[in-house]
>>> print(open('work.txt').read())   # compact mmCIF, C-alpha atoms
# COMPACT_ATOMS: atom_id res chain seq x y z
CA MET A 21 16.22 23.95 10.74
CA SER A 22 15.12 26.37 8.04
CA PHE A 23 12.45 29.03 8.24
CA LYS A 24 10.56 27.27 5.45
CA ASP A 25 10.26 24.01 7.45
CA LEU A 26 8.98 25.84 10.53
CA ARG A 27 6.44 27.79 8.49
CA ASN A 28 5.19 24.63 6.75
CA PHE A 29 4.92 22.86 10.10
CA THR A 30 2.77 25.59 11.65
CA GLU A 31 0.53 25.84 8.59
CA MET A 32 0.02 22.07 8.36
CA MET A 33 -0.79 21.79 12.07
CA ARG A 34 -3.33 24.58 11.69
CA SER A 35 -4.86 22.79 8.68
CA LEU A 36 -5.05 19.49 10.57
CA GLY A 37 -7.05 21.20 13.33
CA TYR A 38 -4.53 21.43 16.15
CA PRO A 39 -6.37 23.30 18.94
CA ARG A 40 -3.42 25.39 20.11
CA GLN A 41 -1.87 28.27 18.19
CA ILE A 42 1.78 27.47 17.35
CA SER A 43 4.16 30.37 16.83
CA MET A 44 7.43 30.19 14.96
CA GLU A 45 9.17 31.59 18.04
CA ASN A 46 8.17 28.61 20.22
CA PHE A 47 11.09 26.51 18.99
CA ARG A 48 13.89 29.06 19.26
CA GLN A 49 14.64 27.59 22.69
CA PRO A 50 14.07 23.98 23.90
CA ASN A 51 10.36 23.55 24.73
CA PHE A 52 9.77 19.92 25.67
CA PRO A 53 6.19 20.31 27.07
CA LEU A 54 5.00 21.73 23.74
CA VAL A 55 6.76 18.98 21.76
CA ALA A 56 5.25 16.31 24.04
CA GLU A 57 1.78 17.80 23.63
CA ILE A 58 2.13 17.83 19.81
CA LEU A 59 3.39 14.23 19.76
CA MET A 60 0.48 13.09 21.95
CA TRP A 61 -1.96 14.79 19.61
CA LEU A 62 -0.38 13.17 16.53
CA VAL A 63 -0.44 9.72 18.13
CA LYS A 64 -4.09 10.19 19.04
CA ARG A 65 -4.83 11.11 15.43
CA TYR A 66 -3.36 7.79 14.32
CA GLU A 67 -4.71 5.63 17.17
CA PRO A 68 -7.42 7.19 19.37
CA ASN A 69 -7.24 4.25 21.81
CA ALA A 70 -3.45 4.40 22.21
CA SER A 71 -2.20 4.68 25.78
CA LEU A 72 0.72 7.08 26.22
CA PRO A 73 2.77 7.87 29.34
CA HIS A 74 1.78 11.35 30.51
CA ASP A 75 4.60 11.92 33.02
CA ILE A 76 7.37 14.08 31.56
CA ASP A 77 8.68 15.72 34.72
CA THR A 78 11.95 13.80 35.02
CA GLU A 79 14.57 12.86 32.44
CA ASP A 80 13.72 9.16 32.68
CA ASP A 81 10.03 9.85 32.03
CA ARG A 82 10.90 11.96 29.01
CA VAL A 83 13.19 9.26 27.61
CA ILE A 84 10.43 6.65 28.04
CA PHE A 85 7.91 8.95 26.36
CA ILE A 86 10.16 9.66 23.34
CA LYS A 87 11.01 5.96 23.03
CA TYR A 88 7.34 4.96 23.04
CA VAL A 89 6.43 7.58 20.40
CA SER A 90 9.31 6.51 18.13
CA GLN A 91 8.32 2.83 18.37
CA PHE A 92 4.66 3.66 17.76
CA MET A 93 5.45 5.68 14.62
CA ALA A 94 7.82 2.98 13.34
CA THR A 95 5.19 0.22 13.71
CA LYS A 96 2.07 2.14 12.66
CA THR A 97 3.31 4.53 9.96
CA ARG A 98 6.64 2.99 8.88
CA LEU A 99 8.37 6.28 9.67
CA LYS A 100 11.78 6.24 11.32
CA LEU A 101 12.15 9.16 13.74
CA ASN A 102 15.35 10.27 15.42
CA PRO A 103 14.75 10.12 19.23
CA LYS A 104 17.75 12.36 19.96
CA LYS A 105 16.37 15.21 17.86
CA LEU A 106 12.92 14.77 19.38
CA TYR A 107 14.41 14.95 22.89
CA MET A 108 16.21 18.22 22.01
CA ALA A 109 12.74 19.86 21.67
CA ASP A 110 13.96 22.70 19.46
CA GLY A 111 14.09 23.35 15.74
CA TYR A 112 15.63 19.95 15.03
CA SER A 113 12.62 18.21 16.59
CA VAL A 114 10.39 20.12 14.16
CA GLN A 115 12.18 18.37 11.28
CA GLU A 116 11.24 14.98 12.74
CA MET A 117 7.65 15.92 13.55
CA LEU A 118 7.31 17.40 10.06
CA LYS A 119 7.61 13.86 8.61
CA VAL A 120 4.51 12.70 10.52
CA VAL A 121 2.60 15.93 9.89
CA THR A 122 3.37 15.78 6.15
CA LEU A 123 1.99 12.24 5.94
CA LEU A 124 -1.19 13.22 7.77
CA TYR A 125 -1.58 16.41 5.71
CA SER A 126 -1.20 14.59 2.38
CA ALA A 127 -3.72 11.96 3.50
CA VAL A 128 -6.22 14.61 4.56
CA ARG A 129 -5.82 16.46 1.27
CA SER A 130 -6.35 13.31 -0.79
CA ASN A 131 -9.38 12.41 1.33
CA ASN A 132 -10.86 15.89 0.91
CA ALA A 133 -10.33 15.72 -2.84
CA ALA A 134 -12.07 12.34 -3.04
CA GLU A 135 -14.96 13.58 -0.92
CA GLU A 136 -15.40 16.66 -3.08
CA SER A 137 -15.46 14.56 -6.25
CA GLU A 138 -18.00 12.13 -4.80
CA GLU A 139 -20.01 14.93 -3.11
CA VAL A 140 -20.08 13.38 0.31
CA THR A 141 -20.02 15.10 3.65
CA GLU A 142 -16.70 15.75 5.34
CA ARG A 143 -15.83 13.52 8.26
CA SER A 144 -12.85 13.14 10.57
CA PHE A 145 -9.86 11.21 9.25
CA ASP A 146 -8.79 8.20 11.32
CA ILE A 147 -5.92 6.23 9.83
CA SER A 148 -6.36 3.36 12.29
CA ASN A 149 -9.76 2.52 10.78
CA LYS A 150 -8.27 2.69 7.34
CA ILE A 151 -5.56 0.21 8.30
CA ALA A 152 -8.16 -2.18 9.74
CA ASP A 153 -10.24 -1.87 6.55
CA LEU A 154 -7.16 -2.57 4.47
CA LYS A 155 -6.38 -5.74 6.45
CA GLN A 156 -10.00 -6.88 6.16
CA ALA A 157 -9.99 -6.22 2.42
CA ARG A 158 -6.83 -8.26 1.99
CA GLN A 159 -8.33 -11.14 4.00
CA LEU A 160 -11.55 -11.06 2.00
CA ALA A 161 -9.62 -11.02 -1.26
CA THR A 162 -7.69 -14.12 -0.17
CA GLU A 163 -10.87 -15.91 0.86
CA ILE A 164 -12.58 -15.03 -2.42
CA THR A 165 -9.64 -16.40 -4.37
CA MET A 166 -9.58 -19.64 -2.39
CA ASN A 167 -13.35 -20.13 -2.61
CA GLY A 168 -13.27 -19.47 -6.33
CA ALA A 169 -10.58 -22.10 -6.82
CA ARG A 170 -12.53 -24.65 -4.76
CA LEU A 171 -15.73 -23.87 -6.66
CA TYR A 172 -13.94 -24.37 -9.96
CA GLU A 173 -12.62 -27.77 -8.84
CA LEU A 174 -16.06 -28.88 -7.63
CA LEU A 175 -17.73 -27.79 -10.85
CA SER A 176 -15.15 -29.75 -12.84
CA VAL A 177 -16.24 -33.00 -11.14
CA GLU A 178 -19.94 -32.16 -11.13
CA VAL A 179 -20.64 -34.37 -14.16
CA GLU A 180 -19.33 -37.50 -12.46
CA LEU A 181 -20.94 -36.62 -9.17
CA ARG A 182 -24.30 -36.08 -10.87
CA GLU A 183 -24.22 -39.58 -12.30
CA LEU A 184 -23.27 -41.11 -8.94
CA ARG A 185 -25.94 -39.10 -7.16
CA THR A 186 -28.57 -40.16 -9.63
CA ALA A 187 -27.54 -43.80 -9.28
CA ALA A 188 -27.62 -43.59 -5.48
CA VAL A 189 -31.07 -42.00 -5.50
CA ASN A 190 -32.47 -44.58 -7.92
CA ARG A 191 -30.94 -47.52 -6.07
CA PRO A 192 -33.37 -49.30 -3.66
CA LEU A 193 -32.60 -49.01 0.03
CA GLU A 194 -31.25 -52.10 1.84
CA MET A 195 -31.86 -52.34 5.56
CA SER A 196 -28.62 -54.23 6.20
CA ASN A 197 -26.48 -51.50 4.72
CA ILE A 198 -28.39 -48.86 6.63
CA GLU A 199 -27.98 -50.82 9.86
CA THR A 200 -24.24 -51.25 9.29
CA GLY A 201 -23.76 -47.54 8.62
CA MET A 202 -25.70 -46.57 11.71
CA LYS A 203 -23.62 -48.91 13.88
CA ASP A 204 -20.39 -47.43 12.53
CA LYS A 205 -21.56 -43.90 13.31
CA ILE A 206 -22.64 -44.96 16.81
CA LEU A 207 -19.21 -46.45 17.49
CA THR A 208 -17.52 -43.29 16.29
CA VAL A 209 -19.63 -41.12 18.59
CA GLU A 210 -19.02 -43.48 21.54
CA ASN A 211 -15.24 -43.28 20.99
CA SER A 212 -15.45 -39.49 20.87
CA ILE A 213 -17.43 -39.46 24.14
CA LYS A 214 -14.86 -41.73 25.81
CA GLY A 215 -12.01 -39.42 24.73
CA THR A 216 -13.82 -36.40 26.08
CA GLN A 217 -14.56 -38.21 29.37
CA HIS A 218 -10.89 -39.18 29.69
CA LYS A 219 -9.87 -35.56 29.21
CA LEU A 220 -12.34 -34.46 31.87
CA ASP A 221 -10.85 -37.00 34.27
CA ASN A 222 -7.36 -35.65 33.59
CA VAL A 223 -8.46 -32.08 34.33
CA ALA A 224 -8.11 -32.71 38.07
CA ASN A 225 -4.56 -33.98 37.63
CA ASP A 226 -3.68 -30.99 35.44
CA GLU A 227 -5.15 -28.63 38.00
CA ALA A 228 -3.04 -30.20 40.78
CA ASN A 229 0.09 -29.88 38.64
CA LEU A 230 -0.67 -26.23 37.92
CA GLU A 231 -1.22 -25.47 41.61
CA ALA A 232 2.14 -27.10 42.44
CA LYS A 233 3.84 -24.98 39.80
CA LEU A 234 2.16 -21.83 41.15
CA GLU A 235 3.35 -22.60 44.67
CA LYS A 236 6.85 -23.16 43.39
CA LYS A 237 6.83 -19.84 41.50
CA LYS A 238 5.45 -18.01 44.55
CA ALA A 239 8.25 -19.40 46.73
CA GLU A 240 10.83 -18.39 44.13
CA LEU A 241 9.30 -14.92 43.90
CA GLU A 242 9.43 -14.52 47.68
CA ARG A 243 13.10 -15.57 47.77
CA ASN A 244 13.97 -13.12 45.01
CA SER A 245 12.07 -10.33 46.79
CA LYS A 246 14.00 -10.96 50.01
CA ARG A 247 17.25 -10.95 48.08
CA LEU A 248 16.32 -7.69 46.38
CA ARG A 249 15.50 -6.02 49.71
CA SER A 250 18.79 -7.21 51.17
CA LEU A 251 20.71 -5.84 48.19
CA GLN A 252 18.89 -2.51 48.45
CA ASN A 253 19.79 -2.19 52.12
CA VAL A 254 23.48 -2.91 51.50
CA ARG A 255 25.43 0.17 50.45
CA PRO A 256 28.01 -0.54 47.72
CA ALA A 257 31.67 -0.11 48.61
CA PHE A 258 32.38 2.34 45.81
CA MET A 259 29.36 4.60 46.50
CA ASP A 260 31.31 7.02 48.73
CA GLU A 261 33.99 7.44 46.11
CA PHE A 262 31.33 7.85 43.43
CA GLU A 263 29.57 10.63 45.35
CA LYS A 264 32.87 12.33 46.04
CA LEU A 265 33.84 12.23 42.36
CA GLU A 266 30.40 13.45 41.38
CA SER A 267 30.66 16.49 43.65
CA GLU A 268 34.17 17.15 42.35
CA LEU A 269 32.89 16.94 38.78
CA LYS A 270 30.16 19.48 39.53
CA ARG A 271 32.69 21.84 41.06
CA LEU A 272 35.07 21.49 38.11
CA TYR A 273 32.23 22.08 35.68
CA GLU A 274 31.28 25.29 37.49
CA VAL A 275 34.92 26.43 37.36
CA TYR A 276 35.07 25.54 33.70
CA GLY A 277 31.88 27.49 32.98
CA GLU A 278 33.18 30.54 34.84
CA LYS A 279 36.54 30.48 33.04
CA PHE A 280 34.87 30.01 29.70
CA ARG A 281 32.61 33.02 30.29
CA ASN A 282 35.59 35.11 31.44
CA LEU A 283 37.61 34.06 28.39
CA THR A 284 34.76 34.97 26.08
CA TYR A 285 34.37 38.35 27.78
CA LEU A 286 38.12 39.09 27.56
CA GLU A 287 38.21 38.12 23.90
CA GLN A 288 35.34 40.51 23.27
CA ILE A 289 37.21 43.31 25.08
CA VAL A 290 40.41 42.61 23.11
CA ASP A 291 38.49 42.72 19.83
CA SER A 292 36.89 46.01 20.84
CA TYR A 293 40.28 47.46 21.82
CA ASP A 294 41.82 46.35 18.51
CA ARG A 295 39.02 48.04 16.60
CA GLN A 296 39.51 51.27 18.57
CA GLN A 297 43.26 51.18 17.94
CA GLN A 298 42.66 50.63 14.25
CA VAL A 299 40.33 53.62 14.14
CA ARG A 300 42.91 55.76 15.97
CA VAL A 301 45.70 54.72 13.59
CA GLU A 302 43.54 55.57 10.61
CA GLU A 303 42.66 58.95 12.10
CA ALA A 304 46.36 59.66 12.83
CA GLU A 305 47.29 58.76 9.26
CA LYS A 306 44.57 61.03 7.92
CA GLN A 307 45.74 63.85 10.21
CA LEU A 308 49.39 63.40 9.14
CA LYS A 309 48.41 63.41 5.49
CA ARG A 310 46.34 66.54 6.02
CA MET A 311 49.31 68.29 7.74
CA GLN A 312 51.62 67.29 4.88
CA ASP A 313 49.17 68.74 2.36
CA GLN A 314 48.98 71.97 4.37
CA MET A 315 52.79 72.23 4.53
CA ARG A 316 53.06 71.70 0.76
CA GLU A 317 50.46 74.39 0.15
CA GLU A 318 52.28 76.76 2.52
CA GLU A 319 55.57 76.10 0.74
CA LYS A 320 54.01 76.78 -2.65
CA ARG A 321 52.47 79.98 -1.33
CA LEU A 322 55.84 81.21 0.03
CA LEU A 323 57.57 80.37 -3.26
CA ASN A 324 54.88 82.23 -5.19
CA GLN A 325 55.31 85.27 -2.89
CA GLU A 326 59.10 85.22 -3.43
CA ASP A 327 58.69 85.03 -7.23
CA THR A 328 56.16 87.85 -7.14
CA PHE A 329 58.51 90.05 -5.09
CA GLU A 330 61.43 89.46 -7.49
CA ASN A 331 59.26 90.24 -10.52
CA LEU A 332 58.06 93.46 -8.90
CA VAL A 333 61.66 94.57 -8.20
CA ASP A 334 62.89 93.66 -11.70
CA ASP A 335 59.92 95.22 -13.55
CA SER A 336 59.81 98.53 -11.65
CA ASP A 337 59.57 101.67 -13.93
CA GLY A 338 61.87 103.81 -11.76
CA GLU A 339 65.42 104.39 -12.74
CA VAL A 340 66.62 103.48 -9.30
CA LYS A 341 67.76 99.89 -9.58
CA VAL A 342 67.81 98.01 -6.31
CA ARG A 343 69.56 94.70 -6.44
CA LYS A 344 69.28 91.94 -4.01
CA ASN A 345 72.52 90.79 -2.56
CA PRO A 346 73.30 87.38 -3.89
CA ARG A 347 73.45 84.53 -1.47
CA VAL A 348 77.07 83.41 -0.89
CA VAL A 349 77.60 79.74 -1.47
CA GLY A 350 80.99 78.13 -1.13
CA GLY A 351 84.31 79.60 0.25
CA MET A 352 85.58 83.18 0.84
CA GLU A 353 86.94 83.75 -2.69
CA GLY A 354 84.35 86.26 -3.96
CA SER A 355 85.96 89.55 -2.62
CA ASP A 356 87.03 90.82 -6.08
CA SER A 357 83.58 90.49 -7.58
CA GLU A 358 82.01 92.25 -4.60
CA SER A 359 84.43 95.18 -4.91
CA GLU A 360 83.63 95.46 -8.59
CA ASN A 361 79.93 95.54 -7.90
CA GLU A 362 80.36 98.24 -5.29
CA SER A 363 82.34 100.35 -7.69
CA GLU A 364 79.60 99.97 -10.31
CA TYR A 365 76.95 100.97 -7.84
CA SER A 366 78.92 104.02 -6.76
CA SER A 367 79.55 105.11 -10.34
CA SER A 368 75.91 104.67 -11.23
CA GLY A 369 75.01 106.76 -8.19
CA SER A 370 77.28 109.53 -9.25
CA GLU A 371 75.87 109.49 -12.75
CA LEU A 372 72.40 109.77 -11.43
CA ALA A 373 73.43 112.66 -9.24
CA GLY A 374 75.03 114.36 -12.16
CA ASP A 375 71.88 114.06 -14.23
CA GLY A 376 69.88 115.89 -11.59
CA GLU A 377 68.11 112.88 -10.14
CA MET A 378 68.07 111.94 -6.46
CA PRO A 379 71.16 109.92 -5.53
CA ILE A 380 70.95 106.93 -3.35
CA SER A 381 72.54 107.55 -0.03
CA ASP A 382 74.54 105.08 2.04
CA ASP A 383 71.76 104.87 4.58
CA ASP A 384 69.31 103.78 1.91
CA GLU A 385 71.75 101.20 0.68
CA GLU A 386 72.23 99.86 4.20
CA GLU A 387 68.43 99.66 4.69
CA ASP A 388 68.06 97.79 1.42
CA GLU A 389 70.82 95.42 2.37
CA SER A 390 69.26 94.80 5.80
CA ASP A 391 65.85 94.13 4.16
CA SER A 392 67.39 91.71 1.73
CA GLU A 393 69.27 89.96 4.53
CA ASN A 394 66.09 89.69 6.59
CA PHE A 395 64.25 88.27 3.62
CA ASP A 396 67.07 85.74 3.05
CA ASP A 397 66.98 84.79 6.73
CA LYS A 398 63.26 84.28 6.45
CA ASP A 399 63.74 82.02 3.44
CA ASP A 400 66.39 80.05 5.33
CA SER A 401 64.12 79.65 8.33
CA ASP A 402 61.29 78.44 6.09
CA ASP A 403 63.61 75.95 4.48
CA ILE A 404 64.74 74.73 7.86
CA ASP A 405 61.18 74.36 9.12
CA PHE A 406 60.19 72.47 6.03
>>> encode(input="work.txt", output="structure tokens")
Amino acid sequence: MSFKDLRNFTEMMRSLGYPRQISMENFRQPNFPLVAEILMWLVKRYEPNASLPHDIDTEDDRVIFIKYVSQFMATKTRLKLNPKKLYMADGYSVQEMLKVVTLLYSAVRSNNAAEESEEVTERSFDISNKIADLKQARQLATEITMNGARLYELLSVEVELRELRTAAVNRPLEMSNIETGMKDKILTVENSIKGTQHKLDNVANDEANLEAKLEKKKAELERNSKRLRSLQNVRPAFMDEFEKLESELKRLYEVYGEKFRNLTYLEQIVDSYDRQQQVRVEEAEKQLKRMQDQMREEEKRLLNQEDTFENLVDDSDGEVKVRKNPRVVGGMEGSDSESENESEYSSSGSELAGDGEMPISDDDEEEDESDSENFDDKDDSDDIDF
């Protein structure tokens, strides 16, 4: 059922003059009393003298009520309603009732338009009277046609009949002919009286026959009533098994309902847990990515610091040249180059001393070497951590 159908139904019922206010929320859940009340009102609009069953307390009464309404609408309005949807008493029943309401609403609108054009007062619309008028109009039209045909045939022979009538009027009356005609009519009436008298005599015989038939039917009815009472008192052999199976079916249905509710609840919990896990995984991935970005930034910062330190050492304006010990890579075959470098450093130190500048002592060289080794160890540790 769509929202549009429900809205149209409520508006049409209000236009037709339904005394109760119908809300669009009334049919969200099954509401059989309201549906029964609406159907009674619609049937009364079609046939004010219609007799409807008013008991809807039990399932059987409701089935009888829906069946009667469906048959009434099929015979009076030529509308085929679905009894199953009407019995559901929810939005699907509105679709079926909308067919009847639409017919009534269109009829009322057309009637109002005709009354406005003819400037007559508004009166209540009763389709039953209209149907009776339609039948009467059809009957009168048939009678008019038949009478017209008979009148045409009689007028066609009026010329001949006029001549015969004139001849009969002008002919002199003969007493013998009149006497013969009167005797014939008297005999006809006497025969009719005898037939009627014979029928009256047979009425007593017919009455006796009817009384015999009534006695026979009463005896048959009494025998059938006794048989019915005896059958009602006898308990069927399978009734115990039927009651047992019925109780077992109720128990199984309760178990089924409980398991179905538990299954639905567990599925809901599993879905909630899966969503939480998905959120946690996404947060962990974001955290890992953020840590990787931080480590890359830290590595770049350390590399920039190392480059800055080397540039400061290389671009210093002092004549003291401090060199960083190169990092040894490979085997132990670099002893000759190291001895050469030491000799160069010592010679350069002596030259500086000879020129009057401050020589670099061995302690200073050892401190520089220890600083360079510490810096190399720091670089190695950073590489290892990365």
>>> residues_near_point(input="work.txt", point="(-1.7, 6.6, 15.7)", cutoff="8 Å", atoms="all atoms listed in the file", output="NGL selection string")
:A and (62-68 or 70 or 92-93 or 96-97 or 147-148)
>>> atom_distance(input="work.txt", atom1="CA of Lys238 (chain A)", atom2="CA of Val223 (chain A)")
22.3 Å
>>> atom_distance(input="work.txt", atom1="CA of Asp110 (chain A)", atom2="CA of Arg48 (chain A)")
6.4 Å
>>> atom_distance(input="work.txt", atom1="CA of Ser43 (chain A)", atom2="CA of Thr30 (chain A)")
7.2 Å
>>> closest_residue(input="work.txt", among="A:Asn102, A:Asn282, A:Ser35, A:Gln312", to="Lys119 (chain A)", atoms="only C-alpha atoms")
A:Asn102
